[in-house]
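Peer 1: Before we start, here is the structure in question, set down as structure tokens.
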Amino acid sequence: MTEASAPDRIGPFAIRAEIGRGAMGVVYEAEQDEPRRIVALKVLRAGAIAGDTALALFRREIRALARLDHPGIATLYASGRTDDGLPWFAMERVRGAALDVWLRGRELGIPDRLRLFLEIAEAVATAHDRGVLHRDLKPSNIVVAGDPPHAKVLDFGLARIVDAEGADATAATEFGSVRGTLEYMSPEQMAGDPDALDGRVDVYALGVLLYEMLLGEHPLDLRDAPAYDVPRRILEEPPKSIARRLDGDLSTIVLKALEKDRERRYVGVRALADDVGRYLAGEPIAARPPSAAYQLRKLVLRHKGPFAALAAGIVLLAGFGIAMAMLAGRLAAERDRANAEAESARANAAAFTGVLLRRLPGWGYSRLDDPAMVAAVVDEIDRQWKGDPLRKVELLQSAGLAVYEAGARDAGIRLLERADRAERELLERGAVPESARILGELYVVAGRPAQAEPLFREILDRLRASPTPPQPRALGYAKENLGTALRDVGRLDEAEALLRDALRLYESEPIPNPEFIASAYDSLGNLHLARNDFDAAERDHRRALAIREGHNDPNNARTLRSSHFVGLALARGGKCGEAAPLLRRVLARRELTLGPDHPDTIATRDALALCSTDGEVALVR
């Protein structure tokens, strides 16, 4: 058989017409001799068999379809080889239109669209039950026909068989390969690590389909995006706002399916389908919107440097109070809805904010560290979130970070210590404690590395013991944190090995994250400073600064941090002619945004003083 023309016959099938052609195969409409019926016959293209991957994927599709018997999935009839030795399989000939084409121009209400989506989700959930992940769900792989309409899922060409029997079937997917259709690809699929892929990749793709079915557009702005920026948008950019376009419960369902973090996504397709069914039946859904505490914590953690200070002096403190008032209002509203309480969100926000504002205005940083303030925050969290320990942990983390980044480091640490104790009571066996990681980082910055070391060792041990291999970034981050703590207790050789391992892991990712790489270079630069190797310190800090200047505004807190470190290395190396103007710029910006008494501002002022005194400067991570 050649590519130039269609054959007359393949095995017991008379070829009638070509109906599709892709990179791997050609699909014909054919008539089977016995039993007499019209089928879709897919044949591996001769040009696609240059390597073993296409053949393995084709065989895997046959194995996947052989497992599936569901009215929403095209049925496999037979398989074999052509006279030329090319594999083929015959399956049910599905007539109809692709999902997006079928929906175009139809006046369907939301309930009808959701019922059609449920048919698709049920078919995919059945495939999951039988150990098959689709991994390429998109409108062109879903055909709709009939009145009332029925959907069928097609093309399991990128399917993955996940049980023990099918373990060999994943051999064609090499680490680092990215397979699928970008617009419907989950972040973990985009990253190209096959060990990170489970049923939640199909949950994400179904979330994209659901968004499109309900709103008529893709959840991300990918159409005009330059090719180099598409991966970043898939990995990082949140879905376009659907506020006021869908009601609260339906918005929550869609956004939960589209979570970038797979741990916060629906645990499986059936869980997603169940919530859609509950919504259609007018019953309470299982999903809950992301808490305000979670959103604030994510905002802070996206910036490894100082969280943008709310204002200087009294303005900072008043701003903190306002931010906490807004946070409290959102938290109170969420709590009221969950517990069906009649108390208004406004009253709860006022109660929470009142405790803080009576103590905060006019206080300097030393008063902000007053244990009475910490006790007041903890008491109010306990009062508002009685009976909801998970939300208490999230709010303790968020409040601790906000207070810490405002400059009150002791107070922030005390709140994170509370969060760590509370979280450990809730942890599943082997889980990595988030509060411990944050607390360890704060210990290091506050000059208490000996307290951070056991926390970071525990996290690294838990990651290594996990039954699922950790992502390179997670393992690298754990090693970087431990290396930083060991550096600050003087165990420099151990620290350097860990930091270089962390850098290697960050750089090994299919799509490396520049901020993590820059962080590793800054950590290595500070290690060289601890050895008084100022040239090496300057070199690595400049590497970090170049990365951050290429991705951030020059006044971004992380960019300023790397600038500070370059200036510190220059100053300690005696190059004050270069150090002084750089440090003066950083100091001016930090005084403006953080205030004159913030620890980071003080650190830059001390570094600048090196050019006129012989004083020592403590490292600030």
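All residue names refer to the structure tokens as shown: chains lettered A, B, ... in order, residues numbered from 1 in each chain, ligands numbered from 1 in order.
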Give me the residues within 9 Å of segment 133-139 of chain A as number ranges by chain, counting only C-alpha atoms and dropping any in the same chain fewer than 4 places off.

Peer 2: A: 64, 98-101, 124, 127-128, 143, 153-162, 179-181, 183-185, 189, 197-199, 201-202, 205-206, 208-209

Peer 1: Restricted to C-alpha atoms, what would the selected residues look like written as a PDB file, in the first residue's frame?

Peer 2:
ATOM      1  CA  ALA A  64      -7.161   0.813  24.920  1.00  0.00           C
ATOM      2  CA  ALA A  98     -17.459  17.597  15.917  1.00  0.00           C
ATOM      3  CA  LEU A  99     -18.652  19.028  19.239  1.00  0.00           C
ATOM      4  CA  ASP A 100     -17.694  22.648  18.501  1.00  0.00           C
ATOM      5  CA  VAL A 101     -19.188  22.526  14.984  1.00  0.00           C
ATOM      6  CA  VAL A 124     -14.425   9.252  29.897  1.00  0.00           C
ATOM      7  CA  ALA A 127     -12.573   4.598  30.383  1.00  0.00           C
ATOM      8  CA  HIS A 128     -10.813   5.622  33.596  1.00  0.00           C
ATOM      9  CA  VAL A 143     -18.780  13.631  17.652  1.00  0.00           C
ATOM     10  CA  VAL A 153     -15.638  10.013  22.270  1.00  0.00           C
ATOM     11  CA  LEU A 154     -13.113   9.095  19.557  1.00  0.00           C
ATOM     12  CA  ASP A 155      -9.355   8.878  18.975  1.00  0.00           C
ATOM     13  CA  PHE A 156      -7.562   7.164  21.830  1.00  0.00           C
ATOM     14  CA  GLY A 157      -4.288   7.539  19.924  1.00  0.00           C
ATOM     15  CA  LEU A 158      -2.542   9.167  22.907  1.00  0.00           C
ATOM     16  CA  ALA A 159      -4.284   7.039  25.512  1.00  0.00           C
ATOM     17  CA  ARG A 160      -2.344   5.758  28.473  1.00  0.00           C
ATOM     18  CA  ILE A 161      -3.066   2.411  30.127  1.00  0.00           C
ATOM     19  CA  VAL A 162      -2.431   2.829  33.811  1.00  0.00           C
ATOM     20  CA  ARG A 179       2.005  14.957  23.535  1.00  0.00           C
ATOM     21  CA  GLY A 180      -1.488  16.243  23.032  1.00  0.00           C
ATOM     22  CA  THR A 181      -3.227  19.402  21.850  1.00  0.00           C
ATOM     23  CA  GLU A 183      -5.240  24.281  23.989  1.00  0.00           C
ATOM     24  CA  TYR A 184      -6.606  21.344  26.038  1.00  0.00           C
ATOM     25  CA  MET A 185      -3.402  20.295  27.761  1.00  0.00           C
ATOM     26  CA  GLN A 189       0.956  17.376  30.695  1.00  0.00           C
ATOM     27  CA  LEU A 197      -0.044  12.180  34.660  1.00  0.00           C
ATOM     28  CA  ASP A 198      -3.169  10.607  36.049  1.00  0.00           C
ATOM     29  CA  GLY A 199      -6.921  10.965  35.554  1.00  0.00           C
ATOM     30  CA  VAL A 201      -5.244  15.451  32.995  1.00  0.00           C
ATOM     31  CA  ASP A 202      -8.615  14.474  31.496  1.00  0.00           C
ATOM     32  CA  ALA A 205      -9.334  18.948  29.412  1.00  0.00           C
ATOM     33  CA  LEU A 206     -12.998  18.415  30.283  1.00  0.00           C
ATOM     34  CA  VAL A 208     -11.707  23.466  29.105  1.00  0.00           C
ATOM     35  CA  LEU A 209     -14.488  21.786  27.101  1.00  0.00           C
TER      36      LEU A 209
END

Peer 1: Taking 5 positions as the minimum chain separation for residues in the same chain, which residues sit within 8 Å of Leu582 of chain A when counting only C-alpha atoms? Answer as a list in words.

Peer 2: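 So the residues in contact are Ser563, His564 and Gly567 of chain A.
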
Peer 1: What does the distance from atom CA of Arg233 of chain A to atom CA of Asp221 of chain A come to in Å, to one decimal?

Peer 2: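 Value for the atom CA of Arg233 of chain A-atom CA of Asp221 of chain A distance: 8.0 Å.
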
Peer 1: Env of segment 240-245 of chain A: 12 Å cut, atoms = only C-alpha atoms, seq-sep filter 2 positions within chain, self excluded. Answer as a list in words.

Peer 2: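 What passes the distance filter is Ile110, Val208, Tyr211, Glu212, Leu214, Leu215, Gly216, Glu217, His218, Pro219, Leu220, Asp221, Leu222, Arg233, Glu237, Pro238, Asp247, Gly248, Asp249, Leu250, Ser251, Thr252, Ile253, Val254, Leu255 and Leu258 of chain A.
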
Peer 1: Save the residues we just selected, N, CA, C and O atoms, as a compact mmCIF listing (two decimals), in the first residue's frame?

Peer 2:
# COMPACT_ATOMS: atom_id res chain seq x y z
N ILE A 110 -28.37 26.34 29.12
CA ILE A 110 -27.31 25.76 29.95
C ILE A 110 -27.65 24.34 30.40
O ILE A 110 -26.80 23.45 30.35
N VAL A 208 -11.79 22.56 30.25
CA VAL A 208 -11.71 23.47 29.11
C VAL A 208 -12.93 23.30 28.21
O VAL A 208 -13.55 24.29 27.77
N TYR A 211 -15.98 24.89 29.84
CA TYR A 211 -15.90 26.35 29.72
C TYR A 211 -16.35 26.78 28.32
O TYR A 211 -17.15 27.71 28.16
N GLU A 212 -15.83 26.09 27.30
CA GLU A 212 -16.18 26.44 25.92
C GLU A 212 -17.65 26.18 25.62
O GLU A 212 -18.31 26.96 24.94
N LEU A 214 -20.13 26.29 27.65
CA LEU A 214 -21.00 27.23 28.35
C LEU A 214 -20.81 28.67 27.90
O LEU A 214 -21.77 29.45 27.89
N LEU A 215 -19.57 29.04 27.53
CA LEU A 215 -19.27 30.45 27.27
C LEU A 215 -18.83 30.74 25.84
O LEU A 215 -18.66 31.90 25.47
N GLY A 216 -18.61 29.69 25.04
CA GLY A 216 -18.29 29.91 23.64
C GLY A 216 -16.89 30.41 23.36
O GLY A 216 -16.62 30.91 22.26
N GLU A 217 -15.98 30.29 24.31
CA GLU A 217 -14.60 30.72 24.10
C GLU A 217 -13.68 29.91 24.97
O GLU A 217 -14.12 29.24 25.91
N HIS A 218 -12.38 29.96 24.66
CA HIS A 218 -11.38 29.23 25.42
C HIS A 218 -11.07 29.97 26.72
O HIS A 218 -11.10 31.21 26.75
N PRO A 219 -10.79 29.26 27.82
CA PRO A 219 -10.54 29.95 29.10
C PRO A 219 -9.24 30.75 29.14
O PRO A 219 -9.08 31.59 30.04
N LEU A 220 -8.31 30.52 28.23
CA LEU A 220 -7.05 31.27 28.19
C LEU A 220 -6.94 32.04 26.88
O LEU A 220 -7.51 31.64 25.87
N ASP A 221 -6.19 33.14 26.91
CA ASP A 221 -5.95 33.91 25.69
C ASP A 221 -4.77 33.31 24.95
O ASP A 221 -3.62 33.72 25.13
N LEU A 222 -5.04 32.31 24.12
CA LEU A 222 -3.98 31.62 23.40
C LEU A 222 -3.98 31.93 21.90
O LEU A 222 -2.97 31.72 21.23
N ARG A 233 1.59 30.48 29.56
CA ARG A 233 0.17 30.76 29.83
C ARG A 233 -0.55 29.52 30.33
O ARG A 233 -1.39 29.60 31.23
N GLU A 237 -1.09 31.10 33.75
CA GLU A 237 -2.14 32.10 33.62
C GLU A 237 -3.49 31.56 34.08
O GLU A 237 -3.91 30.48 33.67
N PRO A 238 -4.19 32.30 34.93
CA PRO A 238 -5.52 31.83 35.38
C PRO A 238 -6.55 31.95 34.28
O PRO A 238 -6.37 32.72 33.32
N ASP A 247 -23.54 31.42 37.28
CA ASP A 247 -23.83 31.59 38.70
C ASP A 247 -22.73 30.96 39.55
O ASP A 247 -21.84 30.26 39.05
N GLY A 248 -22.80 31.21 40.86
CA GLY A 248 -21.70 30.85 41.76
C GLY A 248 -21.33 29.38 41.74
O GLY A 248 -20.16 29.03 41.63
N ASP A 249 -22.32 28.49 41.85
CA ASP A 249 -22.02 27.06 41.90
C ASP A 249 -21.43 26.56 40.59
O ASP A 249 -20.47 25.77 40.58
N LEU A 250 -21.99 27.00 39.48
CA LEU A 250 -21.48 26.53 38.19
C LEU A 250 -20.06 27.09 37.94
O LEU A 250 -19.19 26.38 37.42
N SER A 251 -19.83 28.34 38.32
CA SER A 251 -18.48 28.91 38.22
C SER A 251 -17.49 28.09 39.03
O SER A 251 -16.37 27.81 38.59
N THR A 252 -17.90 27.70 40.24
CA THR A 252 -17.02 26.93 41.11
C THR A 252 -16.67 25.59 40.48
O THR A 252 -15.51 25.15 40.53
N ILE A 253 -17.65 24.92 39.87
CA ILE A 253 -17.40 23.63 39.22
C ILE A 253 -16.38 23.80 38.09
O ILE A 253 -15.40 23.06 37.99
N VAL A 254 -16.60 24.80 37.22
CA VAL A 254 -15.71 25.00 36.08
C VAL A 254 -14.29 25.32 36.54
O VAL A 254 -13.31 24.75 36.06
N LEU A 255 -14.17 26.23 37.50
CA LEU A 255 -12.84 26.67 37.94
C LEU A 255 -12.11 25.58 38.71
O LEU A 255 -10.87 25.50 38.65
N LEU A 258 -10.47 23.40 36.30
CA LEU A 258 -9.37 24.08 35.61
C LEU A 258 -8.23 24.49 36.53
O LEU A 258 -7.35 25.24 36.10
